[in-house]
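Engineer: My structure file entry.tsv, TSV, C-alpha atoms and all ligand atoms, is below:
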chain	number	residue	atom	x	y	z
A	1	MET	CA	-10.69	-2.33	-11.18
A	2	LEU	CA	-10.99	1.45	-11.60
A	3	GLU	CA	-8.62	2.02	-8.67
A	4	LYS	CA	-6.07	-0.38	-10.14
A	5	SER	CA	-5.91	1.50	-13.42
A	6	ILE	CA	-5.52	4.87	-11.67
A	7	PHE	CA	-2.67	3.69	-9.47
A	8	ARG	CA	-0.79	2.13	-12.38
A	9	ASP	CA	-1.30	4.98	-14.83
A	10	PRO	CA	2.03	5.40	-16.69
A	11	ASP	CA	1.43	9.09	-17.53
A	12	LEU	CA	0.70	9.93	-13.92
A	13	ALA	CA	3.75	7.90	-12.87
A	14	LYS	CA	5.94	9.93	-15.26
A	15	ARG	CA	4.65	13.16	-13.73
A	16	VAL	CA	5.32	11.96	-10.17
A	17	ILE	CA	8.82	10.83	-11.13
A	18	GLU	CA	9.42	14.29	-12.62
A	19	LYS	CA	8.34	15.84	-9.30
A	20	ILE	CA	10.62	13.45	-7.42
A	21	ARG	CA	13.56	14.50	-9.62
A	22	GLU	CA	12.78	18.19	-9.08
A	23	THR	CA	12.50	17.76	-5.30
A	24	ALA	CA	15.38	15.34	-4.65
A	25	PRO	CA	18.62	16.78	-3.33
A	26	LYS	CA	21.23	17.37	-6.02
A	27	LYS	CA	24.25	16.19	-4.04
A	28	ASP	CA	23.56	14.52	-0.69
A	29	VAL	CA	21.96	11.08	-0.76
A	30	VAL	CA	18.72	10.64	1.21
A	31	LYS	CA	17.76	7.24	2.55
A	32	ILE	CA	14.07	6.34	2.74
A	33	CYS	CA	13.18	3.16	4.60
A	34	HIS	CA	10.06	1.04	4.30
A	35	VAL	CA	9.22	-1.82	6.66
A	36	CYS	CA	7.03	-4.05	4.57
A	37	GLY	CA	7.54	-7.08	2.34
A	38	THR	CA	4.67	-6.00	0.10
A	39	HIS	CA	6.25	-2.56	-0.43
A	40	GLU	CA	9.53	-4.26	-1.30
A	41	TRP	CA	7.69	-6.45	-3.79
A	42	THR	CA	6.07	-3.44	-5.46
A	43	ILE	CA	9.37	-1.53	-5.58
A	44	THR	CA	11.33	-4.47	-6.99
A	45	HIS	CA	8.66	-5.90	-9.28
A	46	TYR	CA	7.96	-2.54	-10.96
A	47	GLY	CA	11.64	-1.51	-11.01
A	48	LEU	CA	10.87	1.68	-9.08
A	49	ARG	CA	14.44	2.06	-7.78
A	50	SER	CA	15.69	2.39	-11.35
A	51	LEU	CA	13.37	5.38	-11.89
A	52	LEU	CA	14.69	7.36	-8.92
A	53	PRO	CA	17.51	9.89	-9.06
A	54	SER	CA	20.87	8.64	-7.75
A	55	THR	CA	20.45	10.81	-4.62
A	56	VAL	CA	17.36	8.88	-3.47
A	57	GLU	CA	17.92	5.46	-1.97
A	58	VAL	CA	15.05	3.26	-0.80
A	59	ILE	CA	15.99	0.55	1.69
A	60	ALA	CA	13.98	-2.34	3.15
A	61	GLY	CA	13.59	-2.73	6.94
A	62	PRO	CA	12.30	-5.67	8.98
A	63	GLY	CA	8.88	-6.03	7.38
A	64	CYS	CA	8.64	-9.75	6.73
A	65	PRO	CA	6.92	-11.56	9.62
A	66	VAL	CA	8.40	-14.96	8.82
A	67	CYS	CA	11.92	-13.49	8.58
A	68	VAL	CA	11.78	-11.75	11.96
A	69	THR	CA	10.41	-14.77	13.88
A	70	PRO	CA	13.42	-15.94	15.89
A	71	ALA	CA	14.80	-19.46	15.62
A	72	SER	CA	13.83	-20.12	19.27
A	73	GLU	CA	10.12	-19.74	18.40
A	74	VAL	CA	10.42	-22.01	15.36
A	75	ASP	CA	12.19	-24.45	17.71
A	76	GLU	CA	9.16	-24.29	20.02
A	77	ALA	CA	6.84	-25.14	17.11
A	78	VAL	CA	9.13	-27.99	16.04
A	79	ALA	CA	9.27	-29.29	19.64
A	80	LEU	CA	5.46	-29.26	19.81
A	81	ALA	CA	5.21	-31.15	16.53
A	82	LEU	CA	7.76	-33.75	17.64
A	83	LYS	CA	5.81	-34.21	20.91
A	84	GLY	CA	2.81	-35.38	18.88
A	85	VAL	CA	0.84	-32.10	18.83
A	86	THR	CA	-0.63	-31.29	15.42
A	87	VAL	CA	0.93	-27.95	14.52
A	88	THR	CA	-1.03	-25.70	12.16
A	89	CYS	CA	0.69	-22.75	10.50
A	90	PHE	CA	0.72	-20.44	7.49
A	91	GLY	CA	2.35	-21.93	4.38
A	92	ASP	CA	5.47	-19.78	4.29
A	93	VAL	CA	6.40	-20.66	7.89
A	94	LEU	CA	6.83	-24.30	6.96
A	95	ARG	CA	10.32	-24.02	5.48
A	96	VAL	CA	11.81	-21.43	7.82
A	97	LEU	CA	14.67	-22.87	9.80
A	98	GLY	CA	14.83	-22.97	13.59
A	99	SER	CA	18.17	-23.63	15.25
A	100	GLU	CA	18.46	-26.92	13.39
A	101	LYS	CA	15.12	-27.94	11.94
A	102	SER	CA	12.13	-26.44	10.19
A	103	LEU	CA	8.52	-27.55	10.57
A	104	LEU	CA	8.91	-29.19	7.17
A	105	ASP	CA	11.80	-31.28	8.58
A	106	ALA	CA	9.58	-32.27	11.51
A	107	LYS	CA	6.84	-33.26	9.04
A	108	ALA	CA	9.37	-35.37	7.10
A	109	GLU	CA	10.11	-37.15	10.39
A	110	GLY	CA	6.45	-38.06	10.71
A	111	ALA	CA	5.08	-35.13	12.71
A	112	ASP	CA	1.60	-33.86	11.89
A	113	VAL	CA	2.09	-30.33	10.53
A	114	ARG	CA	-0.76	-28.76	8.56
A	115	VAL	CA	-0.98	-25.55	6.54
A	116	VAL	CA	-3.96	-23.30	7.30
A	117	TYR	CA	-5.12	-19.93	5.97
A	118	SER	CA	-6.26	-18.57	9.32
A	119	ALA	CA	-6.63	-19.31	13.03
A	120	MET	CA	-10.26	-20.15	12.26
A	121	ASP	CA	-9.14	-23.13	10.13
A	122	ALA	CA	-7.18	-24.43	13.13
A	123	VAL	CA	-10.29	-24.08	15.32
A	124	ARG	CA	-12.34	-26.08	12.81
A	125	MET	CA	-9.72	-28.85	12.68
A	126	ALA	CA	-9.60	-29.07	16.48
A	127	GLU	CA	-13.41	-29.26	16.64
A	128	LYS	CA	-13.48	-32.08	14.08
A	129	GLU	CA	-10.82	-34.15	15.87
A	130	PRO	CA	-11.50	-33.65	19.59
A	131	ASN	CA	-9.18	-36.49	20.63
A	132	LYS	CA	-6.13	-34.85	19.09
A	133	GLU	CA	-4.11	-31.92	20.48
A	134	PHE	CA	-3.69	-29.00	18.06
A	135	ALA	CA	-1.56	-25.84	18.22
A	136	PHE	CA	-1.72	-22.78	15.97
A	137	PHE	CA	1.68	-21.15	15.30
A	138	ALA	CA	0.46	-17.56	15.21
A	139	ILE	CA	2.94	-15.32	13.42
A	140	GLY	CA	2.55	-11.96	11.71
A	141	PHE	CA	2.23	-8.28	12.55
A	142	GLU	CA	-0.83	-6.27	13.56
A	143	THR	CA	-2.50	-7.37	10.31
A	144	THR	CA	-2.92	-11.01	11.34
A	145	ALA	CA	-2.88	-10.61	15.15
A	146	PRO	CA	-6.58	-9.56	15.35
A	147	SER	CA	-7.72	-12.78	13.66
A	148	THR	CA	-5.81	-14.85	16.23
A	149	ALA	CA	-7.12	-12.66	19.06
A	150	ILE	CA	-10.72	-13.12	18.00
A	151	GLU	CA	-10.42	-16.92	18.05
A	152	VAL	CA	-8.86	-16.77	21.53
A	153	LEU	CA	-11.72	-14.60	22.81
A	154	ARG	CA	-14.30	-16.97	21.33
A	155	LYS	CA	-12.95	-19.66	23.67
A	156	PRO	CA	-11.96	-22.37	21.18
A	157	PRO	CA	-12.03	-26.11	22.01
A	158	LYS	CA	-9.68	-27.11	24.84
A	159	ASN	CA	-7.65	-29.33	22.48
A	160	LEU	CA	-6.43	-26.22	20.62
A	161	SER	CA	-3.67	-24.01	21.98
A	162	PHE	CA	-1.76	-21.06	20.51
A	163	LEU	CA	1.95	-20.48	20.05
A	164	VAL	CA	1.68	-16.70	19.87
A	165	SER	CA	4.53	-15.06	17.96
A	166	HIS	CA	2.79	-11.93	16.68
A	167	ARG	CA	4.89	-8.77	16.58
A	168	LEU	CA	4.37	-5.02	16.36
A	169	ILE	CA	5.75	-2.81	13.59
A	170	PRO	CA	6.42	0.56	15.33
A	171	PRO	CA	9.06	-0.88	17.74
A	172	ALA	CA	10.98	-2.26	14.74
A	173	MET	CA	10.96	1.23	13.20
A	174	GLU	CA	12.30	2.65	16.46
A	175	LEU	CA	15.06	0.05	16.45
A	176	LEU	CA	16.21	1.28	13.04
A	177	LEU	CA	16.50	4.83	14.34
A	178	GLY	CA	18.80	3.63	17.12
A	179	ILE	CA	21.30	2.15	14.65
A	180	GLY	CA	23.83	4.97	14.54
A	181	ASP	CA	25.37	4.40	11.12
A	182	LEU	CA	22.14	3.67	9.23
A	183	HIS	CA	21.13	7.36	8.84
A	184	ILE	CA	17.50	7.09	7.74
A	185	ASP	CA	15.89	10.30	6.43
A	186	GLY	CA	12.26	9.18	6.16
A	187	PHE	CA	9.88	6.29	6.71
A	188	ILE	CA	7.28	4.75	4.44
A	189	ALA	CA	4.90	2.99	6.83
A	190	PRO	CA	2.94	-0.10	5.76
A	191	GLY	CA	-0.62	0.49	4.59
A	192	HIS	CA	-2.16	-2.80	5.71
A	193	VAL	CA	-0.77	-2.64	9.28
A	194	SER	CA	-1.90	1.00	9.39
A	195	THR	CA	-5.51	0.10	8.56
A	196	VAL	CA	-5.48	-1.64	11.95
A	197	ILE	CA	-3.27	0.58	14.14
A	198	GLY	CA	-4.13	3.88	12.47
A	199	LEU	CA	-1.99	6.86	11.60
A	200	LYS	CA	-1.75	7.83	15.27
A	201	ALA	CA	0.58	4.89	16.00
A	202	TYR	CA	3.39	6.66	14.09
A	203	GLU	CA	3.02	10.06	15.75
A	204	VAL	CA	6.21	9.47	17.71
A	205	PHE	CA	8.42	9.45	14.61
A	206	PRO	CA	8.00	13.05	13.47
A	207	LYS	CA	7.48	14.32	17.04
A	208	ALA	CA	10.29	12.62	18.95
A	209	TYR	CA	12.70	11.76	16.12
A	210	ARG	CA	11.92	14.53	13.59
A	211	MET	CA	11.47	11.79	11.01
A	212	PRO	CA	9.18	12.41	8.01
A	213	THR	CA	6.75	9.48	7.95
A	214	VAL	CA	4.22	8.66	5.24
A	215	VAL	CA	1.75	5.77	5.35
A	216	ALA	CA	1.47	4.33	1.84
A	217	GLY	CA	-0.56	1.81	-0.13
A	218	PHE	CA	0.89	-0.91	-2.32
A	219	GLU	CA	0.37	0.15	-5.92
A	220	PRO	CA	3.43	1.56	-7.71
A	221	LEU	CA	1.97	5.06	-7.68
A	222	ASP	CA	1.27	4.83	-3.94
A	223	VAL	CA	4.96	4.21	-3.33
A	224	LEU	CA	6.10	6.93	-5.74
A	225	PHE	CA	3.72	9.46	-4.14
A	226	ALA	CA	5.03	8.51	-0.68
A	227	ILE	CA	8.63	9.04	-1.81
A	228	TYR	CA	7.69	12.43	-3.23
A	229	MET	CA	5.86	13.40	-0.01
A	230	ILE	CA	8.93	12.54	2.08
A	231	LEU	CA	11.29	14.41	-0.26
A	232	LYS	CA	9.01	17.45	-0.08
A	233	GLN	CA	9.14	17.41	3.72
A	234	LEU	CA	12.93	17.09	3.65
A	235	ARG	CA	13.19	19.99	1.26
A	236	GLU	CA	10.95	22.14	3.46
A	237	GLY	CA	12.97	21.11	6.52
A	238	VAL	CA	9.92	19.74	8.35
A	239	ALA	CA	8.96	16.37	9.79
A	240	ARG	CA	5.29	15.46	9.48
A	241	LEU	CA	3.13	12.38	9.64
A	242	GLU	CA	1.21	12.13	6.36
A	243	ASN	CA	-1.28	9.70	4.94
A	244	GLU	CA	-0.88	8.76	1.29
A	245	TYR	CA	-3.26	5.79	1.75
A	246	VAL	CA	-6.35	7.86	2.62
A	247	ARG	CA	-8.61	5.40	0.84
A	248	ALA	CA	-7.95	2.79	3.54
A	249	VAL	CA	-6.22	4.30	6.58
A	250	SER	CA	-7.75	6.60	9.18
A	251	TRP	CA	-6.21	8.41	12.14
A	252	GLU	CA	-7.71	6.01	14.68
A	253	GLY	CA	-7.41	2.81	12.63
A	254	ASN	CA	-9.67	-0.14	13.28
A	255	ILE	CA	-10.74	0.39	16.88
A	256	LYS	CA	-12.61	-2.91	17.06
A	257	ALA	CA	-9.49	-4.83	15.99
A	258	GLN	CA	-7.37	-2.86	18.49
A	259	GLU	CA	-9.82	-3.66	21.31
A	260	THR	CA	-9.86	-7.33	20.31
A	261	MET	CA	-6.05	-7.47	20.43
A	262	SER	CA	-5.86	-5.71	23.78
A	263	LYS	CA	-8.47	-8.04	25.32
A	264	ALA	CA	-6.53	-11.16	24.26
A	265	PHE	CA	-2.91	-10.02	24.43
A	266	ASN	CA	-0.38	-8.21	26.58
A	267	ILE	CA	2.48	-6.42	24.89
A	268	VAL	CA	5.85	-7.79	26.02
A	269	ASP	CA	9.52	-7.53	25.06
A	270	GLY	CA	10.35	-9.90	22.21
A	271	GLU	CA	13.31	-11.40	20.39
A	272	TRP	CA	13.54	-10.66	16.67
A	273	ARG	CA	15.63	-12.95	14.46
A	274	GLY	CA	19.19	-11.70	14.40
A	275	LEU	CA	18.19	-8.34	15.89
A	276	GLY	CA	18.02	-9.17	19.60
A	277	LYS	CA	15.36	-8.21	22.12
A	278	LEU	CA	13.12	-5.23	21.28
A	279	PRO	CA	11.15	-3.61	24.10
A	280	SER	CA	7.34	-3.87	23.91
A	281	SER	CA	7.45	-5.48	20.48
A	282	LYS	CA	5.52	-8.73	20.82
A	283	PHE	CA	2.07	-9.96	21.74
A	284	ALA	CA	1.60	-12.61	24.44
A	285	LEU	CA	-1.61	-14.22	25.68
A	286	LYS	CA	-3.18	-12.59	28.73
A	287	GLU	CA	-3.31	-14.59	31.98
A	288	ASP	CA	-7.08	-15.13	31.52
A	289	TYR	CA	-6.30	-17.24	28.45
A	290	ALA	CA	-3.30	-19.12	29.89
A	291	ILE	CA	-5.06	-22.46	29.27
A	292	TYR	CA	-4.62	-21.78	25.55
A	293	ASP	CA	-0.90	-21.05	25.82
A	294	ALA	CA	0.93	-23.88	24.00
A	295	ARG	CA	4.24	-22.98	25.67
A	296	GLU	CA	2.79	-23.53	29.14
A	297	LYS	CA	0.52	-26.44	28.27
A	298	PHE	CA	3.28	-28.54	26.69
A	299	GLY	CA	6.36	-27.10	28.45
A	300	VAL	CA	8.10	-25.96	25.28
A	301	ARG	CA	9.32	-22.49	26.27
A	302	ILE	CA	12.67	-22.00	24.50
A	303	THR	CA	14.48	-18.72	25.11
A	304	SER	CA	17.45	-18.83	22.76
A	305	GLY	CA	18.33	-20.36	19.43
A	306	ARG	CA	20.64	-20.07	16.44
A	307	ASP	CA	19.10	-17.32	14.32
A	308	LEU	CA	21.68	-17.19	11.55
A	309	PRO	CA	23.13	-20.19	9.74
A	310	PRO	CA	26.87	-19.83	8.95
A	311	GLY	CA	27.50	-17.08	6.38
A	312	CYS	CA	23.89	-15.79	6.42
A	313	GLN	CA	23.58	-12.00	6.47
A	314	CYS	CA	19.81	-11.82	7.10
A	315	HIS	CA	20.30	-9.59	10.17
A	316	LEU	CA	21.95	-6.97	7.93
A	317	VAL	CA	19.48	-7.37	5.06
A	318	MET	CA	16.56	-6.97	7.50
A	319	ILE	CA	17.76	-3.57	8.69
A	320	GLY	CA	18.62	-2.37	5.18
A	321	LYS	CA	22.33	-2.24	5.98
A	322	ILE	CA	23.19	-4.39	2.98
A	323	LYS	CA	21.37	-5.40	-0.18
A	324	PRO	CA	20.65	-9.11	-0.70
A	325	THR	CA	23.19	-9.14	-3.55
A	326	GLU	CA	25.88	-8.19	-1.03
A	327	CYS	CA	25.41	-11.45	0.88
A	328	PRO	CA	28.05	-13.88	-0.44
A	329	LEU	CA	25.49	-16.72	-0.39
A	330	PHE	CA	22.86	-14.91	-2.51
A	331	MET	CA	21.87	-17.07	-5.49
A	332	LYS	CA	24.86	-19.31	-4.88
A	333	ALA	CA	24.38	-21.43	-1.75
A	334	CYS	CA	21.08	-19.66	-0.98
A	335	THR	CA	18.27	-19.75	-3.55
A	336	PRO	CA	14.45	-19.82	-3.37
A	337	GLN	CA	14.62	-23.56	-4.10
A	338	LYS	CA	17.21	-24.16	-1.34
A	339	PRO	CA	17.02	-21.25	1.08
A	340	VAL	CA	19.72	-20.86	3.74
A	341	GLY	CA	18.38	-17.81	5.57
A	342	ALA	CA	14.87	-16.81	6.58
A	343	CYS	CA	14.83	-13.85	4.16
A	344	MET	CA	14.93	-16.30	1.24
A	345	VAL	CA	12.00	-18.40	2.50
A	346	SER	CA	8.93	-16.21	2.62
A	347	ILE	CA	7.45	-14.43	-0.38
A	348	GLU	CA	7.74	-11.30	1.79
A	349	GLY	CA	11.47	-11.78	2.43
A	350	THR	CA	13.74	-9.23	0.75
A	351	CYS	CA	16.18	-11.87	-0.53
A	352	ARG	CA	13.36	-13.96	-1.96
A	353	ILE	CA	11.84	-10.91	-3.69
A	354	TRP	CA	15.19	-9.90	-5.16
A	355	ALA	CA	15.90	-13.48	-6.23
A	356	LYS	CA	12.69	-13.57	-8.25
A	357	SER	CA	13.83	-10.65	-10.40
A	358	TYR	CA	17.53	-11.52	-10.34
A	359	THR	CA	19.31	-12.09	-13.62
A	360	VAL	CA	22.99	-12.93	-14.01
B	401	LIG	S1	20.95	-14.53	0.59
B	401	LIG	FE1	20.25	-16.14	1.98
B	401	LIG	S2	21.86	-16.36	3.46
B	401	LIG	FE2	22.16	-14.39	2.45
B	401	LIG	S3	21.09	-12.92	3.71
B	401	LIG	FE3	19.67	-13.59	2.16
B	401	LIG	S4	18.57	-15.28	3.09
B	401	LIG	FE4	20.37	-14.93	4.39
Would you mind writing the file out in structure tokens?
Structural biologist:
Amino acid sequence: MLEKSIFRDPDLAKRVIEKIRETAPKKDVVKICHVCGTHEWTITHYGLRSLLPSTVEVIAGPGCPVCVTPASEVDEAVALALKGVTVTCFGDVLRVLGSEKSLLDAKAEGADVRVVYSAMDAVRMAEKEPNKEFAFFAIGFETTAPSTAIEVLRKPPKNLSFLVSHRLIPPAMELLLGIGDLHIDGFIAPGHVSTVIGLKAYEVFPKAYRMPTVVAGFEPLDVLFAIYMILKQLREGVARLENEYVRAVSWEGNIKAQETMSKAFNIVDGEWRGLGKLPSSKFALKEDYAIYDAREKFGVRITSGRDLPPGCQCHLVMIGKIKPTECPLFMKACTPQKPVGACMVSIEGTCRIWAKSYTV
């Protein structure tokens, strides 16, 4: 409660905004990129962009796990469900479209699709109904991957398998730096992922790319401080890795969670929705746990799918190339009630977040 009041203190916010104005360039525009749906929510919900000088632009990268899950992997989950396997998943995965169908469509056709809060819920369901086959559609970044990994290592019942679709954040940040005309000047790295992977996971950005990088928390003042810290580095002409979120993130991160993930998973190349294949960007079950691999067990490995419905610009929204309002379908054919693209489905999707505060 005390922390909340400190990080939403309007007087302190005014002082940080003053510092941002003093430090921002007067002419050239700098582009700061975050890669987190929760950061986008904070920025949009508190109207932080409107407080920044016109020379500071904050863009949203691929930080929504549901949005980046490719259609082919949703197709695999749908195929499992239509084969009679009970598919368990997080709530916001339900409506995301595969090449043609979502899990919700499969459910409407009679498939058994159940929403769970964690992999542990799926384990409990499988234990209660030993005569039924269950699969857990495991999506999310390094924040949710440890909880899947721990259930795999505990050797769950044989009637539960895993459709592992967990992804890693740093490779997505590297992708953004390879997009020639995006011109990012600094990164705000996600606080929750960083509690697991630690500050050290971002060392490459200042060292190899000379990119100022600041790990930040999720209160409005966390984000404003991070913007100020990046601007300060740019003004000094340096590129450092800094930790704004010292109250939660350490250099090493959560070593236990990292060990758990590396015992259960290999890191492999992975497709990201609309963005293509990113090297070393996805977790896959290790050979020792192959009996829990839903793709192998039920023969549902699908390698390509239709990521973008006609007219959808999610691939450009996800790399911060365009704003949601620049997609011709935004709040016309595509709304939170009737989403067309993945970015309008999840509460962490940029289009969905913008839609919630959109007024005509
Ligand atoms: S508004 Fe809809 S269709 Fe357009 S980019 Fe966003 S999610 Fe995709």
Engineer: If we count only C-alpha atoms, what is near Val215 of chain A at a cut-off of 10 Å, once residues fewer than 3 positions away on the same chain are taken out, given as a list in words?
Structural biologist: His34, Phe187, Ile188, Ala189, Pro190, Gly191, His192, Val193, Ser194, Thr195, Gly198, Leu199, Tyr202, Asp222, Val223, Ala226, Leu241, Glu242, Asn243, Glu244, Tyr245, Val246 and Val249 of chain A
Engineer: Pick out the residues sitting within 12 Å of Met211 of chain A, and hand them over as a compact mmCIF listing (two decimals) with C-alpha atoms, keeping the file's coordinate frame; count only C-alpha atoms, and ignore anything fewer than 6 positions along from it in its own chain.
Structural biologist:
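Result file part.txt:
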# COMPACT_ATOMS: atom_id res chain seq x y z
CA LYS A 31 17.76 7.24 2.55
CA ILE A 32 14.07 6.34 2.74
CA CYS A 33 13.18 3.16 4.60
CA MET A 173 10.96 1.23 13.20
CA GLU A 174 12.30 2.65 16.46
CA LEU A 176 16.21 1.28 13.04
CA LEU A 177 16.50 4.83 14.34
CA HIS A 183 21.13 7.36 8.84
CA ILE A 184 17.50 7.09 7.74
CA ASP A 185 15.89 10.30 6.43
CA GLY A 186 12.26 9.18 6.16
CA PHE A 187 9.88 6.29 6.71
CA ILE A 188 7.28 4.75 4.44
CA ALA A 189 4.90 2.99 6.83
CA TYR A 202 3.39 6.66 14.09
CA GLU A 203 3.02 10.06 15.75
CA VAL A 204 6.21 9.47 17.71
CA PHE A 205 8.42 9.45 14.61
CA ILE A 230 8.93 12.54 2.08
CA LEU A 231 11.29 14.41 -0.26
CA GLN A 233 9.14 17.41 3.72
CA LEU A 234 12.93 17.09 3.65
CA GLY A 237 12.97 21.11 6.52
CA VAL A 238 9.92 19.74 8.35
CA ALA A 239 8.96 16.37 9.79
CA ARG A 240 5.29 15.46 9.48
CA LEU A 241 3.13 12.38 9.64
CA GLU A 242 1.21 12.13 6.36
Engineer: Return as a tab-separated table the residues of segment 183-291 of chain A lying at most 12 Å from segment 131-150 of chain A, together with the closest atom-to-atom pair for each and the distance in Å to one decimal, counting only C-alpha atoms, with rows in chain order and ascending residue number.
Structural biologist:
residue	atom	partner	partner_atom	distance
A:Pro190	CA	A:Thr143	CA	10.2
A:Gly191	CA	A:Thr143	CA	9.9
A:His192	CA	A:Thr143	CA	6.5
A:Val193	CA	A:Thr143	CA	5.1
A:Ser194	CA	A:Thr143	CA	8.4
A:Thr195	CA	A:Thr143	CA	8.2
A:Val196	CA	A:Thr143	CA	6.7
A:Ile197	CA	A:Glu142	CA	7.3
A:Gly198	CA	A:Glu142	CA	10.7
A:Ala201	CA	A:Glu142	CA	11.5
A:Gly253	CA	A:Glu142	CA	11.3
A:Asn254	CA	A:Pro146	CA	10.1
A:Ile255	CA	A:Pro146	CA	10.9
A:Lys256	CA	A:Pro146	CA	9.1
A:Ala257	CA	A:Pro146	CA	5.6
A:Gln258	CA	A:Pro146	CA	7.4
A:Glu259	CA	A:Pro146	CA	9.0
A:Thr260	CA	A:Ala149	CA	6.1
A:Met261	CA	A:Ala149	CA	5.5
A:Ser262	CA	A:Ala149	CA	8.5
A:Lys263	CA	A:Ala149	CA	7.9
A:Ala264	CA	A:Ala149	CA	5.4
A:Phe265	CA	A:Ala149	CA	7.3
A:Asn266	CA	A:Ala149	CA	11.0
A:Ile267	CA	A:Glu142	CA	11.8
A:Ser281	CA	A:Phe141	CA	9.9
A:Lys282	CA	A:Phe141	CA	8.9
A:Phe283	CA	A:Ala145	CA	8.3
A:Ala284	CA	A:Ala149	CA	10.2
A:Leu285	CA	A:Ala149	CA	8.8
A:Lys286	CA	A:Ala149	CA	10.4
A:Tyr289	CA	A:Ala149	CA	10.5
Engineer: Which of these, A:Asp307, A:Asp181, A:Glu40, A:Glu109, has the shortest distance to Gly349 of chain A once you count only C-alpha atoms?
Structural biologist: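 Checking each of A:Asp307, A:Asp181, A:Glu40, A:Glu109 against Gly349 of chain A, counting only C-alpha atoms, the winner is A:Glu40.
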Engineer: At most 7 Å is the cut-off: for each residue in chain A with any atom that close to an atom of ligand LIG 401 (chain B), write down the nearest atom pair and the distance in Å rounded to one decimal, counting all atoms listed in the file, chain first then increasing number, as a Markdown table.
Structural biologist:
| residue | atom | partner | partner_atom | distance |
| --- | --- | --- | --- | --- |
| A:Gly311 | CA | B:LIG401 | S2 | 6.4 |
| A:Cys312 | CA | B:LIG401 | S2 | 3.6 |
| A:Gln313 | CA | B:LIG401 | S3 | 3.8 |
| A:Cys314 | CA | B:LIG401 | S3 | 3.8 |
| A:Val317 | CA | B:LIG401 | S3 | 5.9 |
| A:Pro324 | CA | B:LIG401 | FE3 | 5.4 |
| A:Cys327 | CA | B:LIG401 | FE2 | 4.7 |
| A:Pro328 | CA | B:LIG401 | FE2 | 6.6 |
| A:Leu329 | CA | B:LIG401 | FE2 | 5.0 |
| A:Phe330 | CA | B:LIG401 | S1 | 3.7 |
| A:Met331 | CA | B:LIG401 | S1 | 6.7 |
| A:Cys334 | CA | B:LIG401 | FE1 | 4.7 |
| A:Thr335 | CA | B:LIG401 | FE1 | 6.9 |
| A:Pro339 | CA | B:LIG401 | FE1 | 6.1 |
| A:Val340 | CA | B:LIG401 | S2 | 5.0 |
| A:Gly341 | CA | B:LIG401 | S4 | 3.5 |
| A:Ala342 | CA | B:LIG401 | S4 | 5.3 |
| A:Cys343 | CA | B:LIG401 | S4 | 4.1 |
| A:Met344 | CA | B:LIG401 | S4 | 4.2 |
| A:Cys351 | CA | B:LIG401 | FE3 | 4.7 |
Engineer: Let me see the file: selected residues, C-alpha atoms, as a short mmCIF file (atom, residue, chain, number, x, y, z; two decimals), in the frame of the given file.
Structural biologist:
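And here is the file that came out, out-v2.cif:
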data_model
loop_
_atom_site.label_atom_id
_atom_site.label_comp_id
_atom_site.auth_asym_id
_atom_site.auth_seq_id
_atom_site.Cartn_x
_atom_site.Cartn_y
_atom_site.Cartn_z
CA GLY A 311 27.50 -17.08 6.38
CA CYS A 312 23.89 -15.79 6.42
CA GLN A 313 23.58 -12.00 6.47
CA CYS A 314 19.81 -11.82 7.10
CA VAL A 317 19.48 -7.37 5.06
CA PRO A 324 20.65 -9.11 -0.70
CA CYS A 327 25.41 -11.45 0.88
CA PRO A 328 28.05 -13.88 -0.44
CA LEU A 329 25.49 -16.72 -0.39
CA PHE A 330 22.86 -14.91 -2.51
CA MET A 331 21.87 -17.07 -5.49
CA CYS A 334 21.08 -19.66 -0.98
CA THR A 335 18.27 -19.75 -3.55
CA PRO A 339 17.02 -21.25 1.08
CA VAL A 340 19.72 -20.86 3.74
CA GLY A 341 18.38 -17.81 5.57
CA ALA A 342 14.87 -16.81 6.58
CA CYS A 343 14.83 -13.85 4.16
CA MET A 344 14.93 -16.30 1.24
CA CYS A 351 16.18 -11.87 -0.53
#
Engineer: Choose the residue, out of A:Asp269, A:Asp288, A:Glu236, A:Glu252, that has the smallest atom-to-atom separation from Thr23 of chain A; count all atoms listed in the file.
Structural biologist: A:Glu236
Engineer: Pick from A:Ala172, A:Leu80, A:Ala333, A:Ala355: nearest to Lys277 of chain A, with all atoms listed in the file counted?
Structural biologist: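 Of all the options, A:Ala172 lies closest to Lys277 of chain A.
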Engineer: Between atom CA of Phe225 of chain A and atom CA of Pro212 of chain A, what is the spacing in Å?
Structural biologist: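 We find that atom CA of Pro212 of chain A and atom CA of Phe225 of chain A lie 13.6 Å from each other.
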Engineer: Please provide the set of residues having any atom within 9 Å of Thr69 of chain A, restricted to only C-alpha atoms, with same-chain residues fewer than 3 positions apart removed, written as JSON, numbers by chain.
Structural biologist: {"A": [64, 65, 66, 72, 73, 74, 139, 140, 165, 166, 167, 271, 272, 273, 342]}
Engineer: One number please: atom CA of Leu182 of chain A to atom CA of Met229 of chain A, in Å, one decimal.
Structural biologist: 21.1 Å
Engineer: Around (3.1, -22.1, 7.5) in the file's frame, which residues reach within 10 Å when counting only C-alpha atoms? Return as number ranges by chain?
Structural biologist: A: 66, 87-96, 103-104, 113-117, 136-139, 346
Engineer: Choose the residue, out of A:Val268, A:Val164, A:Gly178, A:Glu219, that has the smallest atom-to-atom separation from Arg295 of chain A; count only C-alpha atoms.
Structural biologist: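 Going through A:Val268, A:Val164, A:Gly178, A:Glu219 one by one, the smallest distance to Arg295 of chain A is for A:Val164.
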Engineer: Please enclose the listed atoms of segment 130-133 of chain A in an axis-aligned box, pad each side by 8 Å, and write out the centre and the three edge lengths in Å, rounded to one decimal, as lines of an AutoDock Vina configuration file.
Structural biologist:
center_x = -7.8
center_y = -34.2
center_z = 19.9
size_x = 23.4
size_y = 20.6
size_z = 17.5
